[in-house]
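Notes follow once the structure below has been shown.
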Amino acid sequence: AVVGEPIIAATGLTKRFGDFTAVDDLTLAVEPGAIFAFLGANGSGKSTTIRMLIGLLVPTAGTIVVDGIDVIATPRRVRDRIGYMGQKVSLYQGITLRENVEFYAGLYGIDGAALERRWGAVRERFALGDAEGERPESLPAGLRQRAGLALATLHEPRLLFLDEPTAGVDVASRDLFWQIIQDEADAGRTVFATTHFLEEVDYCDHVSFIADGRLVANATPEALRAANSDGYRIDVDAPLAADALERLANAGFTATHIMGRSALTLRRPQIDAASLDALAAALGPAAVGGLRIEQPAMN
């Protein structure tokens with residue numbers, strides 16, 4: 001992709017199946033190196049979109065450019081640039097994980113010393129050494145997901161497309177998985193991940209929210225949080241004078257609940273350096289030490 005241009009750009013993307021419109025006039029752009037969350041409920045159009053972006057499904061209308069390649073005109077050309085992990089991890093049962101690795105490596109022309117070097121690095125990064133001789137069906141779900149992601153990165157793609165990558169795994173495995181995804185982004189990969197878990201957007205740089213095939217929100221997690229929540233909650237365990245409350249109000253804080261004379265709850269849509277400075281000035285050093293700041297949940 002050209003410097004300064006999105007690495008994924010879709011314009012007016014539409015997909016109809018007969019009379020049913022699965023994706024309706026969707027436009028989105030993903031910056032290189034970003035973790036991009038594509039959020040929506042089951043049936044919202046997420047999987048249809050990701051399948052169009054990687055060239056598995058031809059759109060009814062619209063344009064798609066991925067890493068400078070026109071995906072609709074030349075879908076095969078984009079496949080060497082991307083890694084894809086579907087909702088069902090594409091590991092063949094009945095053969096070991098290592099045999100799966102050799103099969104996938106063969107599809108990309110990776111063998112011999114190159115395969116040993118590449119798989120050695122991936123095996124270590126994804127902590128798969130103990131699972132190498134196991135068959136996928138005997139692995140725990142979280143380990144199977146890690147193995148699926150490892151195979152998706154085996155050919156060192158510039159982009160990763162992950163469709164509901166943490167569906168069906170426990171919370172601890174989900175957290176570990178997202179840490180690995182963040183490591184991939186830190187290494188320069190762009191990650192496009194669909195999810196229906198709202199809390200997972202906190203791992204991402206940007207979020208697009210899709211409902212009934214249409215894009216209904218497109219922003220950073222912080223901006224979405226500010227727009228769709230009651231804001232940060234700040235509990236202050238100290239008495240505040242009237243002038244301190246006035247200064248806080250001028251800085252955008254709202255006193256939502258006063259607990260007797262000794263403490264209160266404040267809310268603010270966003271917390272940044274300037275608002276923390278205003279909080280410190282109004283409360284004084286002693287009170288600042290007794291603060292509890294709670295990040296808002298999105299409604």
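Following the order of the structure tokens, first chain is A, next is B, and so on, with residues numbered from 1 inside each chain and ligands from 1 in the order they appear.
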For this session: Pick out each residue of stretch 90-252 of chain A that DSSP on the backbone tags as strand (DSSP E or B); I need them as number ranges by chain.
Result: A: 159-163, 190-195, 206-211, 214-219, 232-236
For this session: Between atom CA of A:Thr220 and atom CA of A:Ala255, measure the distance and give it in Å to one decimal.
Result: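 Atom-to-atom, atom CA of A:Thr220 and atom CA of A:Ala255 are spaced 26.4 Å apart.
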Problem set entry | Non-local contacts of A:Leu128 (9 Å; only C-alpha atoms; under 2 positions in same chain excluded) as a list of chain:residue names | A:Val122, A:Arg123, A:Glu124, A:Arg125, A:Phe126, A:Asp130, A:Ala131, A:Glu132, A:Leu143, A:Arg146, A:Ala147, A:Ala150
Identify, with DSSP run on backbone atoms, the residues in stretch 133-207 of chain A assigned to alpha helix (DSSP H), and express the list as a PDB file with N, CA and C atoms, in the first residue's frame.
ATOM      1  N   ALA A 141      -9.865 -25.840  23.503  1.00  0.00           N
ATOM      2  CA  ALA A 141     -10.308 -24.830  22.530  1.00  0.00           C
ATOM      3  C   ALA A 141      -9.337 -23.662  22.414  1.00  0.00           C
ATOM      4  N   GLY A 142      -8.833 -23.164  23.575  1.00  0.00           N
ATOM      5  CA  GLY A 142      -7.928 -22.021  23.536  1.00  0.00           C
ATOM      6  C   GLY A 142      -6.637 -22.330  22.794  1.00  0.00           C
ATOM      7  N   LEU A 143      -6.112 -23.530  22.997  1.00  0.00           N
ATOM      8  CA  LEU A 143      -4.882 -23.948  22.322  1.00  0.00           C
ATOM      9  C   LEU A 143      -5.127 -24.147  20.831  1.00  0.00           C
ATOM     10  N   ARG A 144      -6.300 -24.681  20.505  1.00  0.00           N
ATOM     11  CA  ARG A 144      -6.660 -24.881  19.098  1.00  0.00           C
ATOM     12  C   ARG A 144      -6.755 -23.534  18.373  1.00  0.00           C
ATOM     13  N   GLN A 145      -7.306 -22.505  19.062  1.00  0.00           N
ATOM     14  CA  GLN A 145      -7.387 -21.169  18.462  1.00  0.00           C
ATOM     15  C   GLN A 145      -5.988 -20.616  18.202  1.00  0.00           C
ATOM     16  N   ARG A 146      -5.085 -20.794  19.177  1.00  0.00           N
ATOM     17  CA  ARG A 146      -3.712 -20.306  19.004  1.00  0.00           C
ATOM     18  C   ARG A 146      -3.042 -20.994  17.819  1.00  0.00           C
ATOM     19  N   ALA A 147      -3.284 -22.293  17.689  1.00  0.00           N
ATOM     20  CA  ALA A 147      -2.698 -23.041  16.579  1.00  0.00           C
ATOM     21  C   ALA A 147      -3.249 -22.543  15.246  1.00  0.00           C
ATOM     22  N   GLY A 148      -4.548 -22.224  15.218  1.00  0.00           N
ATOM     23  CA  GLY A 148      -5.149 -21.696  13.992  1.00  0.00           C
ATOM     24  C   GLY A 148      -4.543 -20.364  13.597  1.00  0.00           C
ATOM     25  N   LEU A 149      -4.316 -19.517  14.584  1.00  0.00           N
ATOM     26  CA  LEU A 149      -3.700 -18.214  14.303  1.00  0.00           C
ATOM     27  C   LEU A 149      -2.250 -18.400  13.857  1.00  0.00           C
ATOM     28  N   ALA A 150      -1.554 -19.341  14.480  1.00  0.00           N
ATOM     29  CA  ALA A 150      -0.168 -19.616  14.085  1.00  0.00           C
ATOM     30  C   ALA A 150      -0.080 -20.007  12.618  1.00  0.00           C
ATOM     31  N   LEU A 151      -0.998 -20.870  12.177  1.00  0.00           N
ATOM     32  CA  LEU A 151      -0.996 -21.289  10.773  1.00  0.00           C
ATOM     33  C   LEU A 151      -1.323 -20.123   9.843  1.00  0.00           C
ATOM     34  N   ALA A 152      -2.186 -19.220  10.310  1.00  0.00           N
ATOM     35  CA  ALA A 152      -2.549 -18.058   9.493  1.00  0.00           C
ATOM     36  C   ALA A 152      -1.372 -17.105   9.316  1.00  0.00           C
ATOM     37  N   VAL A 171     -12.619 -16.930  29.001  1.00  0.00           N
ATOM     38  CA  VAL A 171     -12.178 -15.540  29.093  1.00  0.00           C
ATOM     39  C   VAL A 171     -10.658 -15.436  29.189  1.00  0.00           C
ATOM     40  N   ALA A 172     -10.025 -16.301  29.981  1.00  0.00           N
ATOM     41  CA  ALA A 172      -8.569 -16.250  30.125  1.00  0.00           C
ATOM     42  C   ALA A 172      -7.876 -16.511  28.792  1.00  0.00           C
ATOM     43  N   SER A 173      -8.399 -17.484  28.035  1.00  0.00           N
ATOM     44  CA  SER A 173      -7.823 -17.787  26.716  1.00  0.00           C
ATOM     45  C   SER A 173      -8.045 -16.634  25.750  1.00  0.00           C
ATOM     46  N   ARG A 174      -9.199 -15.960  25.887  1.00  0.00           N
ATOM     47  CA  ARG A 174      -9.471 -14.804  25.035  1.00  0.00           C
ATOM     48  C   ARG A 174      -8.470 -13.692  25.293  1.00  0.00           C
ATOM     49  N   ASP A 175      -8.189 -13.425  26.573  1.00  0.00           N
ATOM     50  CA  ASP A 175      -7.228 -12.378  26.918  1.00  0.00           C
ATOM     51  C   ASP A 175      -5.849 -12.704  26.351  1.00  0.00           C
ATOM     52  N   LEU A 176      -5.422 -13.942  26.501  1.00  0.00           N
ATOM     53  CA  LEU A 176      -4.121 -14.367  25.985  1.00  0.00           C
ATOM     54  C   LEU A 176      -4.078 -14.227  24.468  1.00  0.00           C
ATOM     55  N   PHE A 177      -5.167 -14.616  23.821  1.00  0.00           N
ATOM     56  CA  PHE A 177      -5.250 -14.545  22.369  1.00  0.00           C
ATOM     57  C   PHE A 177      -5.098 -13.105  21.886  1.00  0.00           C
ATOM     58  N   TRP A 178      -5.777 -12.175  22.578  1.00  0.00           N
ATOM     59  CA  TRP A 178      -5.700 -10.767  22.179  1.00  0.00           C
ATOM     60  C   TRP A 178      -4.318 -10.194  22.454  1.00  0.00           C
ATOM     61  N   GLN A 179      -3.636 -10.672  23.477  1.00  0.00           N
ATOM     62  CA  GLN A 179      -2.254 -10.235  23.697  1.00  0.00           C
ATOM     63  C   GLN A 179      -1.371 -10.646  22.518  1.00  0.00           C
ATOM     64  N   ILE A 180      -1.612 -11.859  21.999  1.00  0.00           N
ATOM     65  CA  ILE A 180      -0.859 -12.332  20.834  1.00  0.00           C
ATOM     66  C   ILE A 180      -1.188 -11.469  19.624  1.00  0.00           C
ATOM     67  N   ILE A 181      -2.470 -11.146  19.435  1.00  0.00           N
ATOM     68  CA  ILE A 181      -2.875 -10.289  18.321  1.00  0.00           C
ATOM     69  C   ILE A 181      -2.185  -8.927  18.415  1.00  0.00           C
ATOM     70  N   GLN A 182      -2.112  -8.376  19.644  1.00  0.00           N
ATOM     71  CA  GLN A 182      -1.429  -7.091  19.821  1.00  0.00           C
ATOM     72  C   GLN A 182       0.056  -7.208  19.495  1.00  0.00           C
ATOM     73  N   ASP A 183       0.669  -8.332  19.821  1.00  0.00           N
ATOM     74  CA  ASP A 183       2.067  -8.561  19.455  1.00  0.00           C
ATOM     75  C   ASP A 183       2.236  -8.582  17.936  1.00  0.00           C
ATOM     76  N   GLU A 184       1.282  -9.204  17.243  1.00  0.00           N
ATOM     77  CA  GLU A 184       1.330  -9.246  15.778  1.00  0.00           C
ATOM     78  C   GLU A 184       1.254  -7.828  15.196  1.00  0.00           C
ATOM     79  N   ALA A 185       0.374  -7.003  15.762  1.00  0.00           N
ATOM     80  CA  ALA A 185       0.252  -5.613  15.293  1.00  0.00           C
ATOM     81  C   ALA A 185       1.519  -4.824  15.603  1.00  0.00           C
ATOM     82  N   ASP A 186       2.105  -5.068  16.772  1.00  0.00           N
ATOM     83  CA  ASP A 186       3.355  -4.383  17.136  1.00  0.00           C
ATOM     84  C   ASP A 186       4.474  -4.742  16.164  1.00  0.00           C
TER      85      ASP A 186
END
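Atom to atom, atom CA of A:Thr14 and atom CA of A:Ala73 stand 16.0 Å apart.
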Closest atom pairs, residues of stretch 147-219 of chain A within 8 Å of stretch 29-46 of chain A, only C-alpha atoms, as a tab-separated table:
residue	atom	partner	partner_atom	distance
A:Gln182	CA	A:Ile35	CA	7.6
A:Ala185	CA	A:Gly33	CA	5.7
A:Asp186	CA	A:Gly33	CA	7.5
A:Gly188	CA	A:Gly33	CA	5.2
A:Arg189	CA	A:Gly33	CA	5.2
A:Thr190	CA	A:Gly33	CA	4.2
A:Val191	CA	A:Ile35	CA	4.7
A:Phe192	CA	A:Phe36	CA	4.8
A:Ala193	CA	A:Ala37	CA	5.1
A:Thr194	CA	A:Phe38	CA	4.5
A:Thr195	CA	A:Leu39	CA	5.1
A:His196	CA	A:Gly40	CA	5.2
A:Phe197	CA	A:Leu39	CA	7.6
A:Leu198	CA	A:Leu39	CA	7.4
A:Val201	CA	A:Ala37	CA	6.1
A:Tyr203	CA	A:Ile35	CA	7.8
A:Cys204	CA	A:Ile35	CA	4.9
A:Asp205	CA	A:Ile35	CA	5.4
A:His206	CA	A:Phe36	CA	5.1
A:Val207	CA	A:Ala37	CA	4.7
A:Ser208	CA	A:Phe38	CA	5.0
A:Phe209	CA	A:Leu39	CA	4.7
A:Ile210	CA	A:Gly40	CA	5.1
A:Ala211	CA	A:Ser44	CA	4.9
A:Asp212	CA	A:Ser44	CA	4.7
A:Gly213	CA	A:Gly45	CA	4.9
For this session: Please measure the separation of atom CA of A:Asp67 and atom CA of A:Asp24, giving the value in Å to one decimal.
Result: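 Taking atom CA of A:Asp67 and atom CA of A:Asp24, their separation equals 23.2 Å.
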For this session: Write out as a ChimeraX atom specification which residues come within 6 Å of A:Leu160 when counting only C-alpha atoms, dropping same-chain ones fewer than 2 positions away.
Result: /A:82-84,191
